[in-house]
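Asks: Just so it is clear, I am handing over my_file.tsv, which has TSV, C-alpha atoms.
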```tsv
chain	number	residue	atom	x	y	z
A	1	MET	CA	0.00	0.00	0.00
A	2	THR	CA	1.16	3.51	-0.74
A	3	LEU	CA	-0.07	6.91	0.30
A	4	PRO	CA	-1.43	9.19	-2.45
A	5	ILE	CA	-0.14	12.68	-3.25
A	6	LEU	CA	-1.63	14.91	-5.94
A	7	THR	CA	0.59	17.49	-7.61
A	8	GLN	CA	-0.16	21.20	-7.34
A	9	PRO	CA	0.94	24.03	-9.62
A	10	LEU	CA	4.09	25.68	-8.28
A	11	THR	CA	3.43	29.11	-6.81
A	12	ALA	CA	5.61	31.30	-4.62
A	13	GLY	CA	3.00	31.30	-1.87
A	14	ALA	CA	2.53	27.54	-1.68
A	15	PHE	CA	6.28	26.97	-1.89
A	16	ALA	CA	7.27	29.61	0.67
A	17	PRO	CA	7.71	27.17	3.60
A	18	TYR	CA	10.32	25.27	1.58
A	19	GLY	CA	12.17	27.81	-0.50
A	20	ASP	CA	12.05	30.30	-3.34
A	21	VAL	CA	10.37	30.07	-6.70
A	22	ILE	CA	12.86	31.59	-9.15
A	23	ALA	CA	10.76	33.10	-11.92
A	24	ALA	CA	10.48	36.26	-14.00
A	25	GLU	CA	6.94	36.96	-12.89
A	26	GLY	CA	5.42	40.43	-12.73
A	27	GLU	CA	7.32	43.57	-13.56
A	28	PRO	CA	11.13	43.36	-13.63
A	29	THR	CA	13.03	44.98	-10.78
A	30	MET	CA	14.77	47.20	-13.31
A	31	MET	CA	15.21	47.59	-17.05
A	32	ILE	CA	18.79	47.45	-18.32
A	33	ASN	CA	20.57	47.55	-21.67
A	34	ARG	CA	18.64	50.57	-22.93
A	35	GLY	CA	15.29	48.97	-22.25
A	36	MET	CA	16.09	45.71	-24.04
A	37	CYS	CA	16.36	43.53	-20.92
A	38	GLY	CA	14.41	43.19	-17.70
A	39	ARG	CA	16.30	42.20	-14.56
A	40	HIS	CA	14.36	40.32	-11.88
A	41	HIS	CA	16.83	40.86	-9.10
A	42	ASP	CA	18.18	38.51	-6.43
A	43	LEU	CA	15.40	35.95	-6.33
A	44	ALA	CA	16.87	33.25	-4.08
A	45	ALA	CA	18.11	33.14	-0.50
A	46	LEU	CA	21.52	31.53	-0.99
A	47	ASP	CA	22.74	30.24	2.36
A	48	PHE	CA	25.97	28.26	2.74
A	49	SER	CA	27.45	27.47	6.12
A	50	GLY	CA	31.10	26.98	6.92
A	51	ALA	CA	34.09	29.28	6.55
A	52	ASP	CA	35.47	27.29	3.61
A	53	ALA	CA	32.14	27.03	1.78
A	54	ARG	CA	31.09	29.06	-1.24
A	55	ALA	CA	28.51	29.15	-4.00
A	56	GLY	CA	29.20	27.16	-7.15
A	57	ILE	CA	27.47	26.35	-10.40
A	58	SER	CA	27.17	22.73	-11.46
A	59	LEU	CA	25.04	21.05	-14.10
A	60	PHE	CA	22.85	18.05	-13.37
A	61	ARG	CA	21.49	15.76	-16.05
A	62	ALA	CA	18.80	13.45	-14.70
A	63	VAL	CA	16.72	10.65	-16.19
A	64	PRO	CA	13.13	11.81	-16.83
A	65	ARG	CA	10.43	10.31	-14.62
A	66	SER	CA	6.73	9.83	-15.28
A	67	PHE	CA	3.48	9.66	-13.34
A	68	PRO	CA	2.53	7.84	-11.21
A	69	TYR	CA	5.85	8.49	-9.44
A	70	GLU	CA	6.68	6.38	-6.41
A	71	LEU	CA	8.42	8.34	-3.68
A	72	ASP	CA	10.48	6.14	-1.37
A	73	MET	CA	13.19	8.58	-0.24
A	74	MET	CA	13.81	12.23	0.47
A	75	GLU	CA	17.04	14.07	1.23
A	76	ARG	CA	18.23	17.33	2.69
A	77	HIS	CA	21.42	19.37	2.78
A	78	PRO	CA	21.99	20.68	6.31
A	79	GLU	CA	24.85	22.97	5.27
A	80	GLY	CA	23.40	24.76	2.29
A	81	SER	CA	20.60	25.91	0.05
A	82	GLN	CA	20.28	24.33	-3.39
A	83	ALA	CA	18.82	26.00	-6.48
A	84	PHE	CA	17.65	24.19	-9.62
A	85	LEU	CA	17.37	26.17	-12.83
A	86	PRO	CA	16.00	24.23	-15.79
A	87	MET	CA	17.96	24.70	-19.03
A	88	THR	CA	14.88	23.83	-21.06
A	89	ASP	CA	11.32	25.13	-20.90
A	90	ASN	CA	9.97	21.77	-19.82
A	91	PRO	CA	8.02	21.46	-16.55
A	92	PHE	CA	9.56	19.33	-13.82
A	93	LEU	CA	8.38	17.71	-10.61
A	94	VAL	CA	9.33	19.27	-7.27
A	95	ILE	CA	8.77	17.28	-4.06
A	96	VAL	CA	9.28	18.86	-0.65
A	97	ALA	CA	8.31	18.21	2.96
A	98	ALA	CA	8.39	19.87	6.35
A	99	ASP	CA	10.57	18.34	9.00
A	100	LYS	CA	9.10	16.53	11.99
A	101	ASP	CA	11.43	14.95	14.52
A	102	GLY	CA	14.24	14.73	11.98
A	103	ALA	CA	12.19	13.12	9.23
A	104	PRO	CA	10.17	14.47	6.28
A	105	HIS	CA	6.52	14.94	7.18
A	106	GLU	CA	3.57	15.10	4.79
A	107	PRO	CA	5.37	15.58	1.46
A	108	GLU	CA	3.92	17.95	-1.10
A	109	ALA	CA	4.45	17.75	-4.85
A	110	PHE	CA	4.50	20.62	-7.34
A	111	VAL	CA	4.76	20.78	-11.12
A	112	THR	CA	6.56	23.82	-12.51
A	113	ARG	CA	5.60	26.00	-15.42
A	114	PRO	CA	8.14	26.88	-18.13
A	115	GLY	CA	10.58	29.49	-16.82
A	116	GLN	CA	10.31	28.49	-13.16
A	117	GLY	CA	13.22	27.28	-11.07
A	118	VAL	CA	13.37	26.58	-7.36
A	119	ASN	CA	15.77	27.18	-4.50
A	120	TYR	CA	15.45	24.82	-1.55
A	121	HIS	CA	16.29	26.58	1.66
A	122	ARG	CA	19.06	25.09	3.74
A	123	GLY	CA	17.97	21.88	5.44
A	124	THR	CA	14.69	21.50	3.53
A	125	TRP	CA	13.61	17.94	2.79
A	126	HIS	CA	13.20	17.37	-0.95
A	127	GLY	CA	12.99	14.61	-3.49
A	128	VAL	CA	15.78	13.88	-5.92
A	129	LEU	CA	15.80	15.78	-9.21
A	130	THR	CA	12.79	14.62	-11.23
A	131	PRO	CA	12.49	16.05	-14.72
A	132	LEU	CA	9.45	14.93	-16.69
A	133	SER	CA	11.00	14.99	-20.17
A	134	GLU	CA	14.29	14.84	-22.04
A	135	PRO	CA	16.76	16.42	-21.67
A	136	GLY	CA	16.63	16.56	-17.87
A	137	LEU	CA	19.26	19.29	-17.77
A	138	PHE	CA	19.53	21.78	-14.91
A	139	ALA	CA	21.98	24.36	-13.64
A	140	VAL	CA	22.42	23.93	-9.90
A	141	VAL	CA	23.68	26.61	-7.54
A	142	ASP	CA	24.68	24.97	-4.32
A	143	ARG	CA	27.34	24.76	-1.67
A	144	ILE	CA	30.88	23.87	-2.67
A	145	GLY	CA	32.88	23.01	0.41
A	146	PRO	CA	34.16	20.35	2.75
A	147	GLY	CA	32.13	18.21	5.11
A	148	THR	CA	29.06	16.01	4.92
A	149	ASN	CA	26.08	17.82	3.49
A	150	LEU	CA	23.57	15.06	2.76
A	151	GLU	CA	20.96	13.33	4.87
A	152	GLU	CA	18.64	10.73	3.39
A	153	HIS	CA	15.36	9.45	4.76
A	154	TRP	CA	13.84	6.24	3.46
A	155	PHE	CA	10.11	5.86	3.96
A	156	GLU	CA	8.70	2.64	5.38
A	157	GLU	CA	5.47	3.40	3.59
A	158	HIS	CA	5.96	4.81	0.12
A	159	PHE	CA	3.98	7.61	-1.55
A	160	THR	CA	2.47	7.54	-5.03
A	161	ILE	CA	2.41	10.91	-6.76
A	162	THR	CA	-0.08	11.52	-9.54
A	163	GLN	CA	-0.85	14.62	-11.54
A	164	GLY	CA	-3.42	16.78	-9.75
B	165	MET	CA	31.32	51.69	-42.46
B	166	THR	CA	31.41	48.88	-39.97
B	167	LEU	CA	33.93	46.18	-39.21
B	168	PRO	CA	32.87	42.58	-39.88
B	169	ILE	CA	32.85	39.78	-37.28
B	170	LEU	CA	31.87	36.19	-38.07
B	171	THR	CA	30.46	34.04	-35.29
B	172	GLN	CA	32.22	30.90	-34.13
B	173	PRO	CA	30.79	27.88	-32.34
B	174	LEU	CA	31.25	28.22	-28.58
B	175	THR	CA	33.91	25.88	-27.23
B	176	ALA	CA	35.69	25.85	-23.89
B	177	GLY	CA	39.05	26.27	-25.55
B	178	ALA	CA	38.14	29.27	-27.69
B	179	PHE	CA	36.32	30.90	-24.78
B	180	ALA	CA	39.01	30.28	-22.16
B	181	PRO	CA	40.52	33.80	-22.32
B	182	TYR	CA	37.13	35.27	-21.40
B	183	GLY	CA	35.48	32.85	-19.04
B	184	ASP	CA	33.94	29.43	-18.55
B	185	VAL	CA	31.63	27.48	-20.81
B	186	ILE	CA	29.07	25.92	-18.46
B	187	ALA	CA	28.01	22.68	-20.12
B	188	ALA	CA	27.39	19.04	-19.30
B	189	GLU	CA	29.96	17.79	-21.77
B	190	GLY	CA	31.86	14.53	-21.42
B	191	GLU	CA	31.44	12.21	-18.48
B	192	PRO	CA	29.83	13.61	-15.33
B	193	THR	CA	32.07	14.27	-12.35
B	194	MET	CA	29.97	11.84	-10.33
B	195	MET	CA	26.73	9.92	-10.54
B	196	ILE	CA	24.20	10.63	-7.80
B	197	ASN	CA	20.66	9.57	-6.92
B	198	ARG	CA	21.36	5.87	-7.40
B	199	GLY	CA	22.69	6.38	-10.89
B	200	MET	CA	19.76	8.45	-12.09
B	201	CYS	CA	21.60	11.79	-12.26
B	202	GLY	CA	25.01	12.95	-13.42
B	203	ARG	CA	26.64	15.86	-11.62
B	204	HIS	CA	29.06	18.00	-13.62
B	205	HIS	CA	30.67	19.70	-10.67
B	206	ASP	CA	31.64	23.34	-10.08
B	207	LEU	CA	31.96	24.54	-13.65
B	208	ALA	CA	32.40	28.28	-13.18
B	209	ALA	CA	34.95	30.50	-11.43
B	210	LEU	CA	32.66	32.71	-9.36
B	211	ASP	CA	34.63	35.75	-8.23
B	212	PHE	CA	33.04	38.61	-6.32
B	213	SER	CA	35.09	41.34	-4.73
B	214	GLY	CA	34.17	43.32	-1.65
B	215	ALA	CA	33.47	42.25	1.90
B	216	ASP	CA	29.75	42.95	1.55
B	217	ALA	CA	29.40	41.22	-1.81
B	218	ARG	CA	27.90	37.80	-2.38
B	219	ALA	CA	26.56	35.57	-5.13
B	220	GLY	CA	22.93	35.94	-6.11
B	221	ILE	CA	20.54	34.49	-8.65
B	222	SER	CA	18.54	36.86	-10.84
B	223	LEU	CA	16.53	36.26	-14.00
B	224	PHE	CA	17.02	38.32	-17.15
B	225	ARG	CA	14.49	38.47	-19.93
B	226	ALA	CA	15.90	40.10	-23.06
B	227	VAL	CA	14.50	40.99	-26.45
B	228	PRO	CA	15.76	38.54	-29.13
B	229	ARG	CA	18.19	39.91	-31.69
B	230	SER	CA	18.92	38.72	-35.23
B	231	PHE	CA	21.79	38.69	-37.70
B	232	PRO	CA	23.37	40.88	-38.92
B	233	TYR	CA	23.82	42.29	-35.40
B	234	GLU	CA	25.37	45.71	-35.04
B	235	LEU	CA	27.70	45.98	-32.05
B	236	ASP	CA	28.14	49.54	-30.84
B	237	MET	CA	28.87	48.99	-27.15
B	238	MET	CA	30.47	46.54	-24.76
B	239	GLU	CA	30.47	46.49	-20.98
B	240	ARG	CA	32.34	44.91	-18.12
B	241	HIS	CA	31.88	44.36	-14.40
B	242	PRO	CA	35.11	45.15	-12.57
B	243	GLU	CA	33.85	43.75	-9.25
B	244	GLY	CA	32.47	40.40	-10.27
B	245	SER	CA	32.04	37.47	-12.60
B	246	GLN	CA	28.67	37.04	-14.30
B	247	ALA	CA	27.16	33.73	-15.42
B	248	PHE	CA	24.32	33.35	-17.94
B	249	LEU	CA	22.35	30.12	-17.90
B	250	PRO	CA	19.68	29.86	-20.60
B	251	MET	CA	16.30	28.60	-19.37
B	252	THR	CA	15.47	27.30	-22.83
B	253	ASP	CA	17.42	25.12	-25.24
B	254	ASN	CA	17.76	27.94	-27.77
B	255	PRO	CA	21.22	29.08	-28.90
B	256	PHE	CA	22.25	32.62	-28.03
B	257	LEU	CA	24.91	35.05	-29.14
B	258	VAL	CA	27.94	35.68	-26.90
B	259	ILE	CA	30.24	38.62	-27.64
B	260	VAL	CA	33.49	39.11	-25.76
B	261	ALA	CA	36.74	41.00	-26.14
B	262	ALA	CA	40.18	41.27	-24.61
B	263	ASP	CA	41.09	44.51	-22.90
B	264	LYS	CA	43.63	46.89	-24.39
B	265	ASP	CA	44.36	50.15	-22.62
B	266	GLY	CA	41.01	50.08	-20.83
B	267	ALA	CA	38.90	49.41	-23.93
B	268	PRO	CA	37.62	46.25	-25.64
B	269	HIS	CA	39.98	45.07	-28.35
B	270	GLU	CA	39.13	42.82	-31.32
B	271	PRO	CA	35.73	41.48	-30.22
B	272	GLU	CA	34.89	37.84	-30.87
B	273	ALA	CA	31.41	36.42	-31.29
B	274	PHE	CA	30.21	32.93	-30.42
B	275	VAL	CA	26.92	31.10	-30.89
B	276	THR	CA	26.05	28.57	-28.20
B	277	ARG	CA	24.66	25.10	-28.61
B	278	PRO	CA	21.63	23.96	-26.57
B	279	GLY	CA	22.67	23.26	-23.00
B	280	GLN	CA	25.58	25.71	-22.94
B	281	GLY	CA	25.83	28.65	-20.58
B	282	VAL	CA	28.73	31.02	-20.02
B	283	ASN	CA	30.45	32.68	-17.09
B	284	TYR	CA	32.30	35.90	-17.85
B	285	HIS	CA	35.33	36.25	-15.65
B	286	ARG	CA	35.53	39.37	-13.54
B	287	GLY	CA	36.33	42.42	-15.63
B	288	THR	CA	35.84	40.73	-19.02
B	289	TRP	CA	34.44	42.92	-21.79
B	290	HIS	CA	31.21	41.48	-23.16
B	291	GLY	CA	28.18	42.48	-25.16
B	292	VAL	CA	24.76	42.87	-23.62
B	293	LEU	CA	22.57	39.79	-23.39
B	294	THR	CA	21.63	38.77	-26.93
B	295	PRO	CA	19.24	35.86	-27.24
B	296	LEU	CA	18.36	34.81	-30.78
B	297	SER	CA	14.78	33.65	-30.14
B	298	GLU	CA	11.86	34.00	-27.76
B	299	PRO	CA	11.72	33.72	-24.83
B	300	GLY	CA	15.08	35.34	-24.09
B	301	LEU	CA	15.06	34.05	-20.53
B	302	PHE	CA	18.24	33.44	-18.55
B	303	ALA	CA	19.23	32.76	-14.98
B	304	VAL	CA	22.13	35.00	-14.02
B	305	VAL	CA	24.56	34.36	-11.19
B	306	ASP	CA	26.38	37.56	-10.44
B	307	ARG	CA	27.54	39.87	-7.70
B	308	ILE	CA	25.02	41.30	-5.29
B	309	GLY	CA	26.59	44.12	-3.34
B	310	PRO	CA	27.21	47.82	-3.00
B	311	GLY	CA	29.31	50.00	-5.27
B	312	THR	CA	29.59	50.67	-8.96
B	313	ASN	CA	30.13	47.53	-10.98
B	314	LEU	CA	29.55	48.58	-14.56
B	315	GLU	CA	31.80	50.14	-17.20
B	316	GLU	CA	30.58	50.77	-20.70
B	317	HIS	CA	32.60	51.37	-23.84
B	318	TRP	CA	31.00	52.86	-26.94
B	319	PHE	CA	32.77	52.17	-30.21
B	320	GLU	CA	33.46	54.98	-32.64
B	321	GLU	CA	33.44	52.46	-35.44
B	322	HIS	CA	30.74	49.82	-35.07
B	323	PHE	CA	31.00	46.10	-35.79
B	324	THR	CA	28.59	44.01	-37.82
B	325	ILE	CA	28.26	40.42	-36.64
B	326	THR	CA	27.06	37.78	-39.06
B	327	GLN	CA	26.68	34.05	-38.69
B	328	GLY	CA	29.93	32.24	-39.51
```
Could you write out this file's structure as structure tokens?
Replies:
Amino acid sequence: MTLPILTQPLTAGAFAPYGDVIAAEGEPTMMINRGMCGRHHDLAALDFSGADARAGISLFRAVPRSFPYELDMMERHPEGSQAFLPMTDNPFLVIVAADKDGAPHEPEAFVTRPGQGVNYHRGTWHGVLTPLSEPGLFAVVDRIGPGTNLEEHWFEEHFTITQG
Amino acid sequence: MTLPILTQPLTAGAFAPYGDVIAAEGEPTMMINRGMCGRHHDLAALDFSGADARAGISLFRAVPRSFPYELDMMERHPEGSQAFLPMTDNPFLVIVAADKDGAPHEPEAFVTRPGQGVNYHRGTWHGVLTPLSEPGLFAVVDRIGPGTNLEEHWFEEHFTITQG
């Protein structure tokens, strides 16, 4: 038996407990380049702990998943935020959960719209990267530095995520 | 009269004097998520000067340009690197130049392949953001901090960039 989760559209309000939606929504913060470019400024709370830690840009290429998606594990990075910026305009699946007693509690699932990325706040439980189509290519801005920065939680009872 | 420039394909080698090509080329640095995701690790030299400066993620949405493209200005950011990560799989135009006596010298133009981003090293002369198709949407990782961080150079004699 598995527990059902229905996906929701990704919105800044619904995602606020978990992190930032990185999107060029609404009016730009400023126009630059003689009016040819809008800058939506500083959209993610980057947060990296440790004196030797810094921000870095990596690329992730993940195998696309499909619905129904079985969720058996979530992870978190206690030492840093982690931003995922799709390098295509394909929606992807974002799974997050609050923490309760050191374990993910009541996961929620979101499907992005084209042009949306996410930044998981430091220590936020999330699913692994789950694109929904090829190529599952993302730029990732996360913590580069020494030390262990990964916790995994395996669920005894799995979840089945279907499109809401 | 304008001076002609032909575009080149963007490669790490040709771009090395100006910055980093951010791309998932070759074998990933490591496989994660039980083999479902390749991580190409730490691909850009982020470099932000000033005690109060930090990395941030912004989104830029620029008007698409077309060839022939007339280049009349280049800019540089003396206090920080600037990375452009396309949020679509559309190629874009990248214009860079060496510095000579405080001005851009012999600009070069590159056209990206899908999945390629760039990181301009600190102080590198570059053109404004020039997508070649809609939507001209990019995630930008650059310096968030106080102080002036923009120099512009206007050319007396313009350049005309055509596809090589």
Asks: Considering all atoms listed in the file, give me a table of residues in chain B that are at most 7 Å from chain A, with the closest atom pair and distance in Å for each, as CSV.
Replies:
```
residue,atom,partner,partner_atom,distance
B:Ala187,CA,A:Leu59,CA,6.9
B:Ala188,CA,A:Leu59,CA,6.1
B:Asn197,CA,A:Val128,CA,6.6
B:Met200,CA,A:Val63,CA,5.6
B:Cys201,CA,A:Ala62,CA,4.1
B:Gly202,CA,A:Arg61,CA,5.2
B:Arg203,CA,A:Phe60,CA,4.7
B:His204,CA,A:Leu59,CA,5.1
B:His205,CA,A:Ser58,CA,4.7
B:Asp206,CA,A:Ser58,CA,4.7
B:Leu207,CA,A:Ser58,CA,5.6
B:Ala208,CA,A:Ile57,CA,6.0
B:Leu210,CA,A:Gly56,CA,6.9
B:Ala219,CA,A:Ala55,CA,6.8
B:Gly220,CA,A:Asp42,CA,5.4
B:Ile221,CA,A:Asp42,CA,5.2
B:Ser222,CA,A:His41,CA,4.7
B:Leu223,CA,A:His40,CA,5.1
B:Phe224,CA,A:Arg39,CA,4.7
B:Arg225,CA,A:Gly38,CA,5.2
B:Ala226,CA,A:Cys37,CA,4.1
B:Val227,CA,A:Met36,CA,5.5
B:Pro250,CA,A:Met87,CA,5.7
B:Met251,CA,A:Met87,CA,4.3
B:Thr252,CA,A:Thr88,CA,3.9
B:Asp253,CA,A:Thr88,CA,5.1
B:Gly279,CA,A:Met87,CA,6.3
B:Val292,CA,A:Asn33,CA,6.6
```
Asks: Report, in Å to a single decimal, how far apart CA of Thr166 (chain B) and CA of Phe319 (chain B) are.
Replies: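 It comes out at 10.4 Å.
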Asks: Take chain A, superimpose it onto chain B by least squares using every C-alpha atom paired in sequence order, and output the result as a compact mmCIF listing (two decimals) with C-alpha atoms, in the frame of the given file.
Replies:
```txt
# COMPACT_ATOMS: atom_id res chain seq x y z
CA MET A 1 31.35 51.71 -42.46
CA THR A 2 31.44 48.88 -39.97
CA LEU A 3 33.95 46.18 -39.21
CA PRO A 4 32.88 42.57 -39.87
CA ILE A 5 32.86 39.78 -37.29
CA LEU A 6 31.88 36.19 -38.07
CA THR A 7 30.45 34.04 -35.30
CA GLN A 8 32.22 30.89 -34.14
CA PRO A 9 30.78 27.88 -32.34
CA LEU A 10 31.25 28.21 -28.58
CA THR A 11 33.92 25.88 -27.23
CA ALA A 12 35.68 25.86 -23.88
CA GLY A 13 39.06 26.28 -25.55
CA ALA A 14 38.14 29.28 -27.68
CA PHE A 15 36.31 30.90 -24.78
CA ALA A 16 39.00 30.28 -22.16
CA PRO A 17 40.53 33.80 -22.32
CA TYR A 18 37.14 35.27 -21.39
CA GLY A 19 35.49 32.84 -19.04
CA ASP A 20 33.93 29.43 -18.56
CA VAL A 21 31.63 27.47 -20.80
CA ILE A 22 29.06 25.91 -18.46
CA ALA A 23 28.01 22.67 -20.12
CA ALA A 24 27.40 19.02 -19.30
CA GLU A 25 29.96 17.79 -21.78
CA GLY A 26 31.86 14.52 -21.42
CA GLU A 27 31.45 12.20 -18.48
CA PRO A 28 29.84 13.62 -15.33
CA THR A 29 32.08 14.27 -12.34
CA MET A 30 29.98 11.85 -10.33
CA MET A 31 26.73 9.92 -10.54
CA ILE A 32 24.20 10.63 -7.80
CA ASN A 33 20.66 9.57 -6.92
CA ARG A 34 21.34 5.86 -7.41
CA GLY A 35 22.70 6.37 -10.90
CA MET A 36 19.76 8.46 -12.11
CA CYS A 37 21.60 11.79 -12.26
CA GLY A 38 25.01 12.94 -13.43
CA ARG A 39 26.63 15.85 -11.63
CA HIS A 40 29.06 18.00 -13.62
CA HIS A 41 30.66 19.70 -10.68
CA ASP A 42 31.64 23.32 -10.07
CA LEU A 43 31.95 24.53 -13.64
CA ALA A 44 32.40 28.29 -13.19
CA ALA A 45 34.95 30.48 -11.44
CA LEU A 46 32.67 32.70 -9.37
CA ASP A 47 34.63 35.74 -8.24
CA PHE A 48 33.03 38.61 -6.32
CA SER A 49 35.09 41.34 -4.73
CA GLY A 50 34.19 43.34 -1.66
CA ALA A 51 33.48 42.29 1.91
CA ASP A 52 29.75 42.99 1.55
CA ALA A 53 29.39 41.23 -1.80
CA ARG A 54 27.89 37.80 -2.37
CA ALA A 55 26.56 35.56 -5.11
CA GLY A 56 22.92 35.94 -6.11
CA ILE A 57 20.54 34.49 -8.65
CA SER A 58 18.53 36.84 -10.82
CA LEU A 59 16.54 36.26 -13.99
CA PHE A 60 17.01 38.32 -17.13
CA ARG A 61 14.48 38.47 -19.93
CA ALA A 62 15.91 40.09 -23.04
CA VAL A 63 14.51 40.98 -26.45
CA PRO A 64 15.75 38.53 -29.12
CA ARG A 65 18.19 39.90 -31.68
CA SER A 66 18.91 38.74 -35.22
CA PHE A 67 21.79 38.70 -37.69
CA PRO A 68 23.37 40.88 -38.92
CA TYR A 69 23.82 42.29 -35.40
CA GLU A 70 25.38 45.72 -35.05
CA LEU A 71 27.70 45.98 -32.08
CA ASP A 72 28.14 49.56 -30.87
CA MET A 73 28.87 49.00 -27.16
CA MET A 74 30.46 46.56 -24.76
CA GLU A 75 30.47 46.50 -20.97
CA ARG A 76 32.35 44.92 -18.11
CA HIS A 77 31.87 44.37 -14.40
CA PRO A 78 35.11 45.15 -12.57
CA GLU A 79 33.87 43.75 -9.25
CA GLY A 80 32.48 40.40 -10.27
CA SER A 81 32.03 37.47 -12.59
CA GLN A 82 28.68 37.03 -14.32
CA ALA A 83 27.16 33.73 -15.42
CA PHE A 84 24.31 33.33 -17.93
CA LEU A 85 22.33 30.11 -17.90
CA PRO A 86 19.68 29.84 -20.60
CA MET A 87 16.29 28.59 -19.36
CA THR A 88 15.46 27.32 -22.83
CA ASP A 89 17.42 25.14 -25.24
CA ASN A 90 17.75 27.94 -27.76
CA PRO A 91 21.21 29.08 -28.90
CA PHE A 92 22.24 32.62 -28.02
CA LEU A 93 24.91 35.06 -29.13
CA VAL A 94 27.93 35.67 -26.89
CA ILE A 95 30.23 38.62 -27.65
CA VAL A 96 33.49 39.11 -25.76
CA ALA A 97 36.75 41.01 -26.15
CA ALA A 98 40.18 41.28 -24.61
CA ASP A 99 41.09 44.51 -22.91
CA LYS A 100 43.62 46.90 -24.40
CA ASP A 101 44.35 50.16 -22.63
CA GLY A 102 41.00 50.09 -20.84
CA ALA A 103 38.91 49.42 -23.93
CA PRO A 104 37.62 46.25 -25.63
CA HIS A 105 39.97 45.07 -28.36
CA GLU A 106 39.12 42.83 -31.31
CA PRO A 107 35.73 41.47 -30.22
CA GLU A 108 34.89 37.85 -30.88
CA ALA A 109 31.40 36.42 -31.29
CA PHE A 110 30.20 32.92 -30.42
CA VAL A 111 26.91 31.10 -30.90
CA THR A 112 26.04 28.57 -28.21
CA ARG A 113 24.65 25.10 -28.61
CA PRO A 114 21.63 23.95 -26.57
CA GLY A 115 22.67 23.25 -22.98
CA GLN A 116 25.58 25.70 -22.93
CA GLY A 117 25.83 28.65 -20.57
CA VAL A 118 28.72 31.02 -20.01
CA ASN A 119 30.44 32.67 -17.07
CA TYR A 120 32.31 35.88 -17.85
CA HIS A 121 35.32 36.24 -15.64
CA ARG A 122 35.53 39.36 -13.53
CA GLY A 123 36.33 42.42 -15.63
CA THR A 124 35.85 40.73 -19.02
CA TRP A 125 34.44 42.93 -21.77
CA HIS A 126 31.20 41.49 -23.16
CA GLY A 127 28.18 42.48 -25.17
CA VAL A 128 24.77 42.87 -23.62
CA LEU A 129 22.57 39.77 -23.38
CA THR A 130 21.63 38.76 -26.93
CA PRO A 131 19.23 35.85 -27.23
CA LEU A 132 18.35 34.82 -30.78
CA SER A 133 14.78 33.65 -30.14
CA GLU A 134 11.84 34.00 -27.77
CA PRO A 135 11.72 33.71 -24.83
CA GLY A 136 15.08 35.34 -24.09
CA LEU A 137 15.06 34.04 -20.53
CA PHE A 138 18.24 33.44 -18.54
CA ALA A 139 19.23 32.75 -14.96
CA VAL A 140 22.13 35.01 -14.01
CA VAL A 141 24.56 34.35 -11.18
CA ASP A 142 26.38 37.54 -10.43
CA ARG A 143 27.54 39.85 -7.70
CA ILE A 144 25.01 41.29 -5.29
CA GLY A 145 26.58 44.11 -3.34
CA PRO A 146 27.20 47.82 -3.01
CA GLY A 147 29.30 49.99 -5.28
CA THR A 148 29.60 50.67 -8.98
CA ASN A 149 30.14 47.53 -10.98
CA LEU A 150 29.57 48.60 -14.59
CA GLU A 151 31.82 50.13 -17.20
CA GLU A 152 30.58 50.78 -20.72
CA HIS A 153 32.61 51.37 -23.86
CA TRP A 154 31.01 52.87 -26.94
CA PHE A 155 32.77 52.17 -30.22
CA GLU A 156 33.46 54.99 -32.65
CA GLU A 157 33.44 52.45 -35.43
CA HIS A 158 30.74 49.83 -35.06
CA PHE A 159 31.02 46.10 -35.79
CA THR A 160 28.60 44.01 -37.84
CA ILE A 161 28.27 40.42 -36.66
CA THR A 162 27.06 37.78 -39.08
CA GLN A 163 26.68 34.05 -38.70
CA GLY A 164 29.94 32.27 -39.51
```
Asks: Would you pick out the contacts of Trp289 (chain B) at 9 Å or less, using all atoms listed in the file, so that residues sharing its chain but fewer than 5 positions from it are not included, and give the list as an MDAnalysis selection string?
Replies: chainID B and resid 182 238:241 259:263 267:269 271 284 315:317
Asks: Would you work out the distance separating CA of Gly328 (chain B) from CA of Gln172 (chain B), expressed in Å to one decimal?
Replies: 6.0 Å
Asks: Using only C-alpha atoms, which protein or nucleic acid residues come within 12 Å of Gly147 (chain A)? Drop anything in the same chain fewer than 2 positions from it, and give the result as a PDB file with C-alpha atoms, keeping the file's coordinate frame.
Replies:
```pdb
ATOM      1  CA  SER A  49      27.450  27.470   6.120  1.00  0.00           C
ATOM      2  CA  GLY A  50      31.100  26.980   6.920  1.00  0.00           C
ATOM      3  CA  ALA A  51      34.090  29.280   6.550  1.00  0.00           C
ATOM      4  CA  ASP A  52      35.470  27.290   3.610  1.00  0.00           C
ATOM      5  CA  ALA A  53      32.140  27.030   1.780  1.00  0.00           C
ATOM      6  CA  HIS A  77      21.420  19.370   2.780  1.00  0.00           C
ATOM      7  CA  PRO A  78      21.990  20.680   6.310  1.00  0.00           C
ATOM      8  CA  GLU A  79      24.850  22.970   5.270  1.00  0.00           C
ATOM      9  CA  GLY A  80      23.400  24.760   2.290  1.00  0.00           C
ATOM     10  CA  ARG A 143      27.340  24.760  -1.670  1.00  0.00           C
ATOM     11  CA  ILE A 144      30.880  23.870  -2.670  1.00  0.00           C
ATOM     12  CA  GLY A 145      32.880  23.010   0.410  1.00  0.00           C
ATOM     13  CA  ASN A 149      26.080  17.820   3.490  1.00  0.00           C
ATOM     14  CA  LEU A 150      23.570  15.060   2.760  1.00  0.00           C
TER      15      LEU A 150
END
```
Asks: Go ahead and compute the interatomic distance for CA of Thr276 (chain B) and CA of Phe179 (chain B), in Å to one decimal.
Replies: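 Separating CA of Thr276 (chain B) from CA of Phe179 (chain B) is a distance of 11.1 Å.
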